[in-house]
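Below is the file entry-v4.txt, which contains compact mmCIF, C-alpha atoms and all ligand atoms.
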```txt
# COMPACT_ATOMS: atom_id res chain seq x y z
CA MET A 1 -1.75 -2.55 19.94
CA SER A 2 -4.04 -0.73 17.49
CA SER A 3 -7.32 -2.37 16.46
CA PRO A 4 -6.80 -5.08 13.85
CA LEU A 5 -7.07 -4.63 10.13
CA SER A 6 -8.46 -7.48 8.00
CA SER A 7 -6.57 -10.79 8.14
CA LYS A 8 -7.71 -11.89 4.70
CA ASN A 9 -5.60 -11.20 1.63
CA ILE A 10 -7.02 -12.49 -1.60
CA GLY A 11 -6.77 -9.40 -3.82
CA ARG A 12 -3.67 -7.70 -5.22
CA PHE A 13 -2.24 -4.46 -3.92
CA ILE A 14 -0.19 -2.43 -6.41
CA SER A 15 1.37 0.93 -5.54
CA ILE A 16 2.93 3.42 -7.92
CA GLU A 17 5.75 5.63 -6.72
CA GLY A 18 8.26 8.21 -7.87
CA ILE A 19 9.32 11.81 -7.42
CA ASP A 20 6.87 14.50 -8.56
CA GLY A 21 6.79 14.68 -12.35
CA ALA A 22 8.01 11.11 -12.88
CA GLY A 23 4.97 10.30 -15.02
CA LYS A 24 2.76 8.23 -12.70
CA SER A 25 -0.48 10.00 -13.64
CA THR A 26 0.28 9.57 -17.33
CA HIS A 27 0.17 5.77 -16.96
CA ILE A 28 -2.37 5.02 -14.22
CA ALA A 29 -5.55 5.03 -16.34
CA SER A 30 -4.07 2.73 -19.00
CA LEU A 31 -2.58 0.45 -16.35
CA SER A 32 -5.96 0.22 -14.65
CA ALA A 33 -7.69 -0.54 -17.98
CA ARG A 34 -5.09 -3.18 -18.80
CA LEU A 35 -5.65 -4.94 -15.45
CA GLN A 36 -9.43 -4.85 -15.95
CA GLN A 37 -9.08 -6.33 -19.45
CA ARG A 38 -7.32 -9.29 -17.80
CA GLY A 39 -10.28 -9.78 -15.43
CA ALA A 40 -9.29 -7.78 -12.37
CA ASP A 41 -11.89 -5.76 -10.47
CA VAL A 42 -9.78 -2.64 -9.94
CA VAL A 43 -10.11 0.01 -7.21
CA ASN A 44 -8.18 3.14 -8.21
CA THR A 45 -7.10 5.23 -5.28
CA ARG A 46 -4.32 7.51 -4.06
CA GLU A 47 -2.36 8.82 -1.10
CA PRO A 48 -2.47 11.18 0.54
CA GLY A 49 -6.21 10.71 0.17
CA GLY A 50 -8.59 7.95 -0.82
CA THR A 51 -11.35 8.66 1.75
CA PRO A 52 -13.21 11.90 2.58
CA LEU A 53 -11.17 12.29 5.78
CA ALA A 54 -7.85 11.52 4.08
CA GLU A 55 -8.65 13.86 1.17
CA THR A 56 -9.19 16.66 3.72
CA LEU A 57 -5.78 15.85 5.20
CA ARG A 58 -4.30 15.84 1.67
CA GLY A 59 -5.43 19.44 1.20
CA LEU A 60 -3.62 20.45 4.40
CA LEU A 61 -0.48 18.50 3.51
CA LEU A 62 -0.19 20.02 0.05
CA HIS A 63 -1.02 23.60 0.96
CA SER A 64 -0.46 24.36 4.69
CA GLY A 65 2.90 24.94 6.36
CA MET A 66 3.89 22.41 9.06
CA ASP A 67 6.96 20.62 10.40
CA GLU A 68 8.06 17.19 9.21
CA LEU A 69 6.68 15.25 12.19
CA THR A 70 3.25 16.85 11.75
CA GLU A 71 3.49 15.96 8.06
CA ALA A 72 4.27 12.32 8.85
CA LEU A 73 1.51 12.05 11.46
CA LEU A 74 -1.09 13.47 9.06
CA VAL A 75 0.07 11.13 6.30
CA PHE A 76 -0.24 8.09 8.57
CA ALA A 77 -3.59 9.24 10.01
CA GLY A 78 -5.00 9.43 6.50
CA ARG A 79 -3.40 6.08 5.65
CA ARG A 80 -5.05 4.37 8.60
CA ASP A 81 -8.48 5.61 7.51
CA HIS A 82 -7.72 4.67 3.90
CA LEU A 83 -6.67 1.15 4.90
CA ARG A 84 -9.75 0.58 7.05
CA GLN A 85 -12.32 2.14 4.73
CA VAL A 86 -11.01 1.26 1.27
CA ILE A 87 -7.87 -0.88 0.92
CA GLU A 88 -8.52 -3.75 3.33
CA PRO A 89 -12.21 -4.23 2.35
CA ALA A 90 -11.23 -4.25 -1.33
CA LEU A 91 -8.43 -6.80 -0.84
CA SER A 92 -10.68 -8.97 1.35
CA SER A 93 -13.24 -9.15 -1.44
CA GLY A 94 -10.64 -10.11 -4.04
CA LYS A 95 -10.26 -6.74 -5.76
CA THR A 96 -7.05 -5.28 -7.15
CA VAL A 97 -6.09 -2.03 -5.43
CA LEU A 98 -4.11 0.37 -7.63
CA CYS A 99 -2.78 3.09 -5.35
CA ASP A 100 -1.01 6.24 -6.53
CA ARG A 101 1.62 6.38 -3.74
CA PHE A 102 1.70 4.58 -0.39
CA THR A 103 4.16 4.30 2.51
CA ASP A 104 7.32 4.23 0.39
CA ALA A 105 6.48 7.88 -0.34
CA THR A 106 6.58 8.64 3.40
CA PHE A 107 10.05 7.08 3.71
CA ALA A 108 11.19 8.94 0.58
CA TYR A 109 9.65 12.38 1.28
CA GLN A 110 9.47 12.69 5.08
CA GLY A 111 12.47 10.37 5.63
CA GLY A 112 14.76 11.16 2.69
CA GLY A 113 13.55 14.64 1.73
CA ARG A 114 12.79 16.11 5.15
CA GLY A 115 15.37 14.04 7.05
CA MET A 116 13.05 12.41 9.60
CA GLU A 117 14.33 9.47 11.67
CA LEU A 118 13.51 6.31 9.73
CA SER A 119 13.01 4.39 12.97
CA VAL A 120 10.10 6.71 13.87
CA LEU A 121 8.54 6.15 10.44
CA ALA A 122 9.05 2.39 10.79
CA ALA A 123 7.26 2.40 14.15
CA LEU A 124 4.33 4.37 12.72
CA GLU A 125 4.26 2.04 9.70
CA GLN A 126 3.96 -0.99 11.99
CA TRP A 127 1.22 0.58 14.16
CA VAL A 128 -0.83 1.80 11.23
CA GLN A 129 -0.41 -1.05 8.74
CA GLN A 130 0.19 -4.10 10.91
CA GLY A 131 2.30 -5.70 8.22
CA ARG A 132 0.24 -4.67 5.21
CA GLN A 133 2.48 -3.83 2.23
CA PRO A 134 1.80 -3.67 -1.49
CA ASP A 135 2.34 -6.90 -3.42
CA LEU A 136 4.03 -4.90 -6.17
CA THR A 137 5.45 -1.38 -6.23
CA LEU A 138 6.13 0.21 -9.60
CA TRP A 139 8.85 2.78 -8.92
CA PHE A 140 9.09 5.41 -11.66
CA ASP A 141 12.72 6.46 -11.37
CA LEU A 142 14.35 9.36 -13.17
CA PRO A 143 16.87 12.16 -12.42
CA ALA A 144 15.45 15.03 -10.38
CA GLU A 145 16.50 17.52 -13.08
CA LEU A 146 14.37 15.81 -15.73
CA ALA A 147 11.36 15.56 -13.41
CA ALA A 148 11.68 19.30 -12.66
CA GLN A 149 11.67 20.11 -16.39
CA ARG A 150 8.52 18.04 -16.86
CA ARG A 151 6.79 19.64 -13.87
CA ALA A 152 7.67 23.16 -15.01
CA ALA A 153 5.82 22.56 -18.26
CA ALA A 154 2.85 20.96 -16.55
CA ARG A 155 1.19 22.90 -13.70
CA GLU A 156 1.26 25.16 -10.63
CA ALA A 157 3.47 23.76 -7.86
CA ASP A 158 2.18 22.61 -4.44
CA ARG A 159 4.25 22.62 -1.19
CA PHE A 160 6.27 19.57 -2.22
CA GLU A 161 6.70 20.49 -5.87
CA GLN A 162 8.16 23.86 -4.79
CA GLN A 163 11.16 22.10 -3.21
CA ASP A 164 14.58 22.35 -4.84
CA LEU A 165 16.68 19.76 -6.68
CA GLU A 166 18.58 18.84 -3.53
CA PHE A 167 15.29 17.86 -1.86
CA PHE A 168 14.24 15.70 -4.82
CA ASN A 169 17.66 14.06 -5.04
CA LYS A 170 17.22 13.03 -1.40
CA VAL A 171 13.66 11.80 -2.09
CA ARG A 172 14.99 9.75 -4.99
CA ALA A 173 17.70 8.28 -2.75
CA GLY A 174 14.97 7.47 -0.22
CA TYR A 175 13.12 5.47 -2.85
CA ALA A 176 16.34 3.72 -3.88
CA ALA A 177 16.92 2.64 -0.27
CA ARG A 178 13.38 1.27 0.04
CA ALA A 179 13.79 -0.59 -3.26
CA ALA A 180 17.08 -2.11 -2.11
CA ALA A 181 15.41 -3.29 1.11
CA ALA A 182 12.47 -4.92 -0.73
CA PRO A 183 13.81 -6.06 -4.12
CA THR A 184 11.05 -8.60 -4.73
CA ARG A 185 8.24 -6.13 -4.14
CA PHE A 186 9.85 -3.24 -6.07
CA ALA A 187 10.06 -3.04 -9.85
CA ARG A 188 12.16 -0.10 -11.04
CA ILE A 189 10.81 1.57 -14.16
CA ASP A 190 13.21 3.80 -16.11
CA ALA A 191 10.90 6.81 -16.27
CA SER A 192 13.37 8.95 -18.23
CA LEU A 193 12.39 7.12 -21.42
CA SER A 194 9.47 7.86 -23.75
CA VAL A 195 5.84 7.24 -22.70
CA GLU A 196 5.78 4.19 -25.01
CA ALA A 197 8.97 2.76 -23.53
CA VAL A 198 7.66 3.26 -19.99
CA SER A 199 4.41 1.46 -20.91
CA ALA A 200 6.43 -1.43 -22.32
CA GLN A 201 8.40 -1.76 -19.08
CA ILE A 202 5.20 -1.84 -17.03
CA GLU A 203 3.77 -4.50 -19.31
CA ALA A 204 6.92 -6.60 -18.95
CA VAL A 205 6.70 -6.44 -15.14
CA LEU A 206 3.06 -7.55 -15.16
CA GLU A 207 3.74 -10.28 -17.71
CA ALA A 208 6.60 -11.61 -15.61
CA ARG A 209 4.16 -12.04 -12.73
CA GLY A 210 1.53 -13.60 -14.93
CA TRP A 211 -0.84 -10.69 -14.20
N1 LIG B 1 7.81 9.49 -20.51
C1 LIG B 1 7.57 10.79 -20.60
N2 LIG B 1 8.28 11.57 -21.41
C2 LIG B 1 8.08 12.90 -21.48
N3 LIG B 1 7.13 13.57 -20.77
C3 LIG B 1 6.38 12.85 -19.95
C4 LIG B 1 6.55 11.44 -19.81
N4 LIG B 1 5.67 10.99 -18.88
C5 LIG B 1 4.98 12.06 -18.46
N5 LIG B 1 5.39 13.18 -19.10
C6 LIG B 1 4.90 14.55 -18.89
O1 LIG B 1 5.48 15.00 -17.66
C7 LIG B 1 4.53 15.76 -16.92
C8 LIG B 1 4.35 15.11 -15.54
O2 LIG B 1 3.75 13.82 -15.72
P1 LIG B 1 2.71 13.24 -14.67
O3 LIG B 1 1.72 14.28 -14.26
O4 LIG B 1 2.20 11.97 -15.23
O5 LIG B 1 3.69 12.97 -13.45
P2 LIG B 1 3.38 12.43 -12.00
O6 LIG B 1 4.47 11.49 -11.65
O7 LIG B 1 1.99 11.92 -11.92
O8 LIG B 1 3.52 13.70 -11.12
P3 LIG B 1 2.91 13.92 -9.65
O9 LIG B 1 3.31 12.76 -8.84
O10 LIG B 1 3.55 15.17 -9.19
O11 LIG B 1 1.42 14.04 -9.82
C9 LIG B 1 3.26 15.80 -17.76
O12 LIG B 1 3.25 17.00 -18.51
C10 LIG B 1 3.40 14.62 -18.69
O13 LIG B 1 2.74 14.81 -19.92
C1 LIG B 2 1.82 9.51 0.17
C2 LIG B 2 2.74 10.65 0.45
C3 LIG B 2 2.82 11.71 -0.43
N1 LIG B 2 3.67 12.73 -0.16
C4 LIG B 2 3.73 13.85 -1.14
C5 LIG B 2 4.33 13.47 -2.46
C6 LIG B 2 3.70 14.40 -3.45
O1 LIG B 2 4.48 15.57 -3.54
C7 LIG B 2 2.37 14.74 -2.79
C8 LIG B 2 1.20 14.08 -3.46
O2 LIG B 2 1.05 14.56 -4.74
P1 LIG B 2 0.72 13.60 -6.00
O3 LIG B 2 0.30 14.56 -7.05
O4 LIG B 2 -0.37 12.68 -5.57
O5 LIG B 2 1.94 12.88 -6.37
O6 LIG B 2 2.44 14.27 -1.44
C9 LIG B 2 4.43 12.74 0.98
O7 LIG B 2 5.18 13.69 1.21
N2 LIG B 2 4.36 11.69 1.83
C10 LIG B 2 3.54 10.64 1.61
O8 LIG B 2 3.51 9.68 2.43
```
Can you present the structure in this file as structure tokens?
Amino acid sequence: MSSPLSSKNIGRFISIEGIDGAGKSTHIASLSARLQQRGADVVNTREPGGTPLAETLRGLLLHSGMDELTEALLVFAGRRDHLRQVIEPALSSGKTVLCDRFTDATFAYQGGGRGMELSVLAALEQWVQQGRQPDLTLWFDLPAELAAQRRAAAREADRFEQQDLEFFNKVRAGYAARAAAAPTRFARIDASLSVEAVSAQIEAVLEARGW
């Protein structure tokens, strides 16, 4: 058994997911501000990354060649450090953690996209997280073709963003499978709509939870 994480859980843990170019970054700052206006003490963070060690691993993941198992192990190594250093202490002290990607991304990218055995990812998930899951996952869902058009207009592509449409269709299917397995935690956002319409959907999800 790995050493225990915190047993307390008084804060809220929100993750934001979707294929590259879905529009997460466009909405995170306003979502964070909206939560703070309602009284939350918000910690904004991301994966891969979120601690000095995990940010170093992020650089390798995004820019160095490696096989899918190495990718998954690096992602979970960074996640363990992130949980211990940032996420668990914040939740224990009642803060709201707003995380740009978490483990659903591993199931979608390394599982769906790269084709890794989901049972291996599930075992790593249990070892590393010991049951910790987000309270709410906002899944920005849109067709891979539309996300690719948005990315093309936006920036230089990293290792993942260089993948083809087939890869991103599999990643999207990976997210759909995770959402189907955890329908209460997941809220699907139709990210193909305008920025305003996406904001309105996020607001409706938070309102429905009384957040
Ligand atoms: N609803 C939208 N309609 C049209 N364009 C959008 C919309 N949302 C975001 N964009 C544009 O699409 C591009 C990608 O958006 P953004 O960087 O927010 O995506 P992302 O999901 O954070 O991507 P990544 O996960 O790869 O960082 C940006 O140029 C952004 O302005
Ligand atoms: C957490 C996580 C992320 N990835 C991939 C997904 C994205 O392509 C990049 C991160 O880039 P972003 O600009 O922060 O979206 O990393 C992954 O493959 N597996 C994971 O677990």
Q. Which value, in Å to one decimal, gives the distance between CA of Arg172 in chain A and CA of Leu73 in chain A?
A. 21.4 Å
(Q) Ranking A:Leu206, A:Ile10, A:Ala22, A:Met116 by minimum distance to Arg150 in chain A and counting all atoms listed in the file, which one comes first? (A)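 Counting all atoms listed in the file, the residue closest to Arg150 in chain A is A:Ala22.
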Q: Have a look at A:Asp100, A:Glu55, A:Asp41, A:Glu203 and name the one nearest to ligand LIG 2 (chain B); count all atoms listed in the file.
A: A:Asp100
Q | One-decimal distance in Å that lies between CA of Gln126 in chain A and CA of Arg84 in chain A | A | 14.7 Å
(Q) What residues of the protein or nucleic acid chains come within 10 Å of ligand LIG 1 (chain B) when you use only C-alpha atoms and all ligand atoms? Reply as a ChimeraX atom specification. (A) /A:16-28,100-101,140-142,146-155,157-158,160-161,190-199
Q: Give me the residues within 8 Å of range 57-70 of chain A as a ChimeraX atom specification, counting all atoms listed in the file and dropping any in the same chain fewer than 6 places off.
A: /A:47-49,78,110,114,116,158-160
Q. For Val128 in chain A, which residue among A:Thr103, A:Gln162, A:Asn169, A:Thr45 is the nearest when counting all atoms listed in the file?
A.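 That would be A:Thr103, the residue with the smallest distance to Val128 in chain A.
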Q: Could you tell me which of A:Gln130, A:Gln201, A:Thr106, A:Asn44 comes closest to Arg80 in chain A if we count only C-alpha atoms?
A: A:Gln130
Q) Restricting the calculation to all atoms listed in the file, which member of A:Trp211, A:Phe13, A:Phe168, A:Trp127 is positioned closest to ligand LIG 2 (chain B)? A) A:Phe168
Q: Could you check how far CA of Ile189 in chain A sits from CA of Trp139 in chain A, in Å to one decimal?
A: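 Here the two named atoms are 5.7 Å from each other.
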Q | Nearest to Glu125 in chain A, chosen from A:Ala77, A:Ala144, A:Ala176, A:Val43, with all atoms listed in the file counted in the distances | A |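 Distance minimum relative to Glu125 in chain A lands on A:Ala77.
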Around all the atoms of range 82-98 of chain A listed in the file, with 4 Å of room on each side, what axis-aligned box do you get, giving centre and edge lengths in Å to one decimal, as lines of an AutoDock Vina configuration file?
```
center_x = -8.7
center_y = -2.7
center_z = -0.3
size_x = 17.1
size_y = 22.8
size_z = 22.7
```
Q.
If we count all atoms listed in the file and set the cut-off at 12 Å, which residues sit around Ile87 in chain A, ignoring sequence neighbours fewer than 6 positions away in its own chain? Please answer as a PyMOL selection string.
A. chain A and resi 5-6+8-15+42-47+49-51+79-81+93-99+102+129+132-134
Just range 117-157 of chain A, please, as a PDB file, in the first residue's frame (only N, CA and C atoms).
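Printed below is result26.pdb as written:
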```pdb
ATOM      1  N   GLU A 117      -3.877  -0.686 -21.912  1.00  0.00           N
ATOM      2  CA  GLU A 117      -4.832  -1.474 -21.125  1.00  0.00           C
ATOM      3  C   GLU A 117      -5.469  -0.618 -20.033  1.00  0.00           C
ATOM      4  N   LEU A 118      -6.778  -0.533 -20.004  1.00  0.00           N
ATOM      5  CA  LEU A 118      -7.439   0.284 -18.984  1.00  0.00           C
ATOM      6  C   LEU A 118      -7.264  -0.298 -17.589  1.00  0.00           C
ATOM      7  N   SER A 119      -7.085  -1.623 -17.509  1.00  0.00           N
ATOM      8  CA  SER A 119      -6.909  -2.234 -16.179  1.00  0.00           C
ATOM      9  C   SER A 119      -5.582  -1.787 -15.549  1.00  0.00           C
ATOM     10  N   VAL A 120      -4.568  -1.561 -16.369  1.00  0.00           N
ATOM     11  CA  VAL A 120      -3.277  -1.069 -15.850  1.00  0.00           C
ATOM     12  C   VAL A 120      -3.460   0.358 -15.339  1.00  0.00           C
ATOM     13  N   LEU A 121      -4.169   1.173 -16.110  1.00  0.00           N
ATOM     14  CA  LEU A 121      -4.415   2.563 -15.676  1.00  0.00           C
ATOM     15  C   LEU A 121      -5.258   2.582 -14.402  1.00  0.00           C
ATOM     16  N   ALA A 122      -6.226   1.682 -14.321  1.00  0.00           N
ATOM     17  CA  ALA A 122      -7.081   1.639 -13.123  1.00  0.00           C
ATOM     18  C   ALA A 122      -6.268   1.254 -11.893  1.00  0.00           C
ATOM     19  N   ALA A 123      -5.309   0.339 -12.063  1.00  0.00           N
ATOM     20  CA  ALA A 123      -4.468  -0.056 -10.925  1.00  0.00           C
ATOM     21  C   ALA A 123      -3.589   1.117 -10.486  1.00  0.00           C
ATOM     22  N   LEU A 124      -3.006   1.812 -11.450  1.00  0.00           N
ATOM     23  CA  LEU A 124      -2.175   2.988 -11.111  1.00  0.00           C
ATOM     24  C   LEU A 124      -3.027   4.063 -10.441  1.00  0.00           C
ATOM     25  N   GLU A 125      -4.234   4.262 -10.966  1.00  0.00           N
ATOM     26  CA  GLU A 125      -5.154   5.258 -10.396  1.00  0.00           C
ATOM     27  C   GLU A 125      -5.405   4.956  -8.922  1.00  0.00           C
ATOM     28  N   GLN A 126      -5.652   3.678  -8.607  1.00  0.00           N
ATOM     29  CA  GLN A 126      -5.942   3.300  -7.221  1.00  0.00           C
ATOM     30  C   GLN A 126      -4.712   3.514  -6.330  1.00  0.00           C
ATOM     31  N   TRP A 127      -3.536   3.106  -6.805  1.00  0.00           N
ATOM     32  CA  TRP A 127      -2.308   3.266  -6.018  1.00  0.00           C
ATOM     33  C   TRP A 127      -2.015   4.735  -5.752  1.00  0.00           C
ATOM     34  N   VAL A 128      -2.154   5.529  -6.772  1.00  0.00           N
ATOM     35  CA  VAL A 128      -1.728   6.934  -6.678  1.00  0.00           C
ATOM     36  C   VAL A 128      -2.765   7.792  -5.954  1.00  0.00           C
ATOM     37  N   GLN A 129      -4.030   7.529  -6.192  1.00  0.00           N
ATOM     38  CA  GLN A 129      -5.074   8.446  -5.696  1.00  0.00           C
ATOM     39  C   GLN A 129      -5.823   7.947  -4.471  1.00  0.00           C
ATOM     40  N   GLN A 130      -5.763   6.654  -4.248  1.00  0.00           N
ATOM     41  CA  GLN A 130      -6.447   6.064  -3.088  1.00  0.00           C
ATOM     42  C   GLN A 130      -7.896   6.538  -2.979  1.00  0.00           C
ATOM     43  N   GLY A 131      -8.573   6.536  -4.089  1.00  0.00           N
ATOM     44  CA  GLY A 131      -9.992   6.876  -4.084  1.00  0.00           C
ATOM     45  C   GLY A 131     -10.297   8.330  -4.401  1.00  0.00           C
ATOM     46  N   ARG A 132      -9.299   9.182  -4.359  1.00  0.00           N
ATOM     47  CA  ARG A 132      -9.575  10.606  -4.636  1.00  0.00           C
ATOM     48  C   ARG A 132     -10.034  10.785  -6.083  1.00  0.00           C
ATOM     49  N   GLN A 133     -11.156  11.449  -6.272  1.00  0.00           N
ATOM     50  CA  GLN A 133     -11.685  11.802  -7.587  1.00  0.00           C
ATOM     51  C   GLN A 133     -12.232  13.216  -7.497  1.00  0.00           C
ATOM     52  N   PRO A 134     -12.309  13.915  -8.588  1.00  0.00           N
ATOM     53  CA  PRO A 134     -12.966  15.227  -8.560  1.00  0.00           C
ATOM     54  C   PRO A 134     -14.425  15.086  -8.112  1.00  0.00           C
ATOM     55  N   ASP A 135     -14.957  16.151  -7.511  1.00  0.00           N
ATOM     56  CA  ASP A 135     -16.381  16.179  -7.171  1.00  0.00           C
ATOM     57  C   ASP A 135     -17.207  16.477  -8.419  1.00  0.00           C
ATOM     58  N   LEU A 136     -16.609  17.237  -9.318  1.00  0.00           N
ATOM     59  CA  LEU A 136     -17.283  17.618 -10.565  1.00  0.00           C
ATOM     60  C   LEU A 136     -16.240  17.668 -11.685  1.00  0.00           C
ATOM     61  N   THR A 137     -16.589  17.084 -12.822  1.00  0.00           N
ATOM     62  CA  THR A 137     -15.730  17.168 -14.008  1.00  0.00           C
ATOM     63  C   THR A 137     -16.516  17.816 -15.140  1.00  0.00           C
ATOM     64  N   LEU A 138     -16.048  18.975 -15.573  1.00  0.00           N
ATOM     65  CA  LEU A 138     -16.645  19.658 -16.716  1.00  0.00           C
ATOM     66  C   LEU A 138     -15.942  19.134 -17.968  1.00  0.00           C
ATOM     67  N   TRP A 139     -16.681  18.384 -18.762  1.00  0.00           N
ATOM     68  CA  TRP A 139     -16.104  17.772 -19.967  1.00  0.00           C
ATOM     69  C   TRP A 139     -16.514  18.592 -21.183  1.00  0.00           C
ATOM     70  N   PHE A 140     -15.549  19.300 -21.759  1.00  0.00           N
ATOM     71  CA  PHE A 140     -15.775  20.097 -22.964  1.00  0.00           C
ATOM     72  C   PHE A 140     -15.723  19.143 -24.159  1.00  0.00           C
ATOM     73  N   ASP A 141     -16.879  18.863 -24.711  1.00  0.00           N
ATOM     74  CA  ASP A 141     -16.957  17.866 -25.780  1.00  0.00           C
ATOM     75  C   ASP A 141     -17.273  18.522 -27.110  1.00  0.00           C
ATOM     76  N   LEU A 142     -16.507  18.152 -28.112  1.00  0.00           N
ATOM     77  CA  LEU A 142     -16.769  18.639 -29.476  1.00  0.00           C
ATOM     78  C   LEU A 142     -16.119  17.692 -30.476  1.00  0.00           C
ATOM     79  N   PRO A 143     -16.547  17.711 -31.752  1.00  0.00           N
ATOM     80  CA  PRO A 143     -15.929  16.838 -32.757  1.00  0.00           C
ATOM     81  C   PRO A 143     -14.444  17.158 -32.931  1.00  0.00           C
ATOM     82  N   ALA A 144     -13.663  16.115 -33.172  1.00  0.00           N
ATOM     83  CA  ALA A 144     -12.218  16.274 -33.326  1.00  0.00           C
ATOM     84  C   ALA A 144     -11.876  17.223 -34.477  1.00  0.00           C
ATOM     85  N   GLU A 145     -12.698  17.216 -35.534  1.00  0.00           N
ATOM     86  CA  GLU A 145     -12.415  18.081 -36.685  1.00  0.00           C
ATOM     87  C   GLU A 145     -12.477  19.556 -36.287  1.00  0.00           C
ATOM     88  N   LEU A 146     -13.475  19.904 -35.485  1.00  0.00           N
ATOM     89  CA  LEU A 146     -13.638  21.305 -35.071  1.00  0.00           C
ATOM     90  C   LEU A 146     -12.499  21.717 -34.134  1.00  0.00           C
ATOM     91  N   ALA A 147     -12.121  20.824 -33.230  1.00  0.00           N
ATOM     92  CA  ALA A 147     -11.009  21.138 -32.320  1.00  0.00           C
ATOM     93  C   ALA A 147      -9.723  21.358 -33.113  1.00  0.00           C
ATOM     94  N   ALA A 148      -9.514  20.550 -34.159  1.00  0.00           N
ATOM     95  CA  ALA A 148      -8.305  20.695 -34.983  1.00  0.00           C
ATOM     96  C   ALA A 148      -8.293  22.044 -35.695  1.00  0.00           C
ATOM     97  N   GLN A 149      -9.446  22.466 -36.175  1.00  0.00           N
ATOM     98  CA  GLN A 149      -9.533  23.797 -36.837  1.00  0.00           C
ATOM     99  C   GLN A 149      -9.175  24.898 -35.845  1.00  0.00           C
ATOM    100  N   ARG A 150      -9.680  24.777 -34.631  1.00  0.00           N
ATOM    101  CA  ARG A 150      -9.386  25.811 -33.622  1.00  0.00           C
ATOM    102  C   ARG A 150      -7.904  25.811 -33.255  1.00  0.00           C
ATOM    103  N   ARG A 151      -7.332  24.619 -33.115  1.00  0.00           N
ATOM    104  CA  ARG A 151      -5.907  24.532 -32.751  1.00  0.00           C
ATOM    105  C   ARG A 151      -5.032  25.115 -33.840  1.00  0.00           C
ATOM    106  N   ALA A 152      -5.387  24.825 -35.094  1.00  0.00           N
ATOM    107  CA  ALA A 152      -4.564  25.272 -36.224  1.00  0.00           C
ATOM    108  C   ALA A 152      -4.436  26.783 -36.221  1.00  0.00           C
ATOM    109  N   ALA A 153      -5.496  27.455 -35.796  1.00  0.00           N
ATOM    110  CA  ALA A 153      -5.478  28.921 -35.799  1.00  0.00           C
ATOM    111  C   ALA A 153      -4.755  29.459 -34.572  1.00  0.00           C
ATOM    112  N   ALA A 154      -4.489  28.601 -33.595  1.00  0.00           N
ATOM    113  CA  ALA A 154      -4.077  29.109 -32.288  1.00  0.00           C
ATOM    114  C   ALA A 154      -2.570  29.094 -32.018  1.00  0.00           C
ATOM    115  N   ARG A 155      -1.852  28.008 -32.261  1.00  0.00           N
ATOM    116  CA  ARG A 155      -0.470  27.929 -31.753  1.00  0.00           C
ATOM    117  C   ARG A 155       0.317  26.764 -32.353  1.00  0.00           C
ATOM    118  N   GLU A 156       1.606  26.698 -31.968  1.00  0.00           N
ATOM    119  CA  GLU A 156       2.478  25.607 -32.404  1.00  0.00           C
ATOM    120  C   GLU A 156       2.103  24.328 -31.651  1.00  0.00           C
ATOM    121  N   ALA A 157       2.100  23.200 -32.361  1.00  0.00           N
ATOM    122  CA  ALA A 157       1.610  21.957 -31.755  1.00  0.00           C
ATOM    123  C   ALA A 157       2.669  21.221 -30.949  1.00  0.00           C
TER     124      ALA A 157
END
```
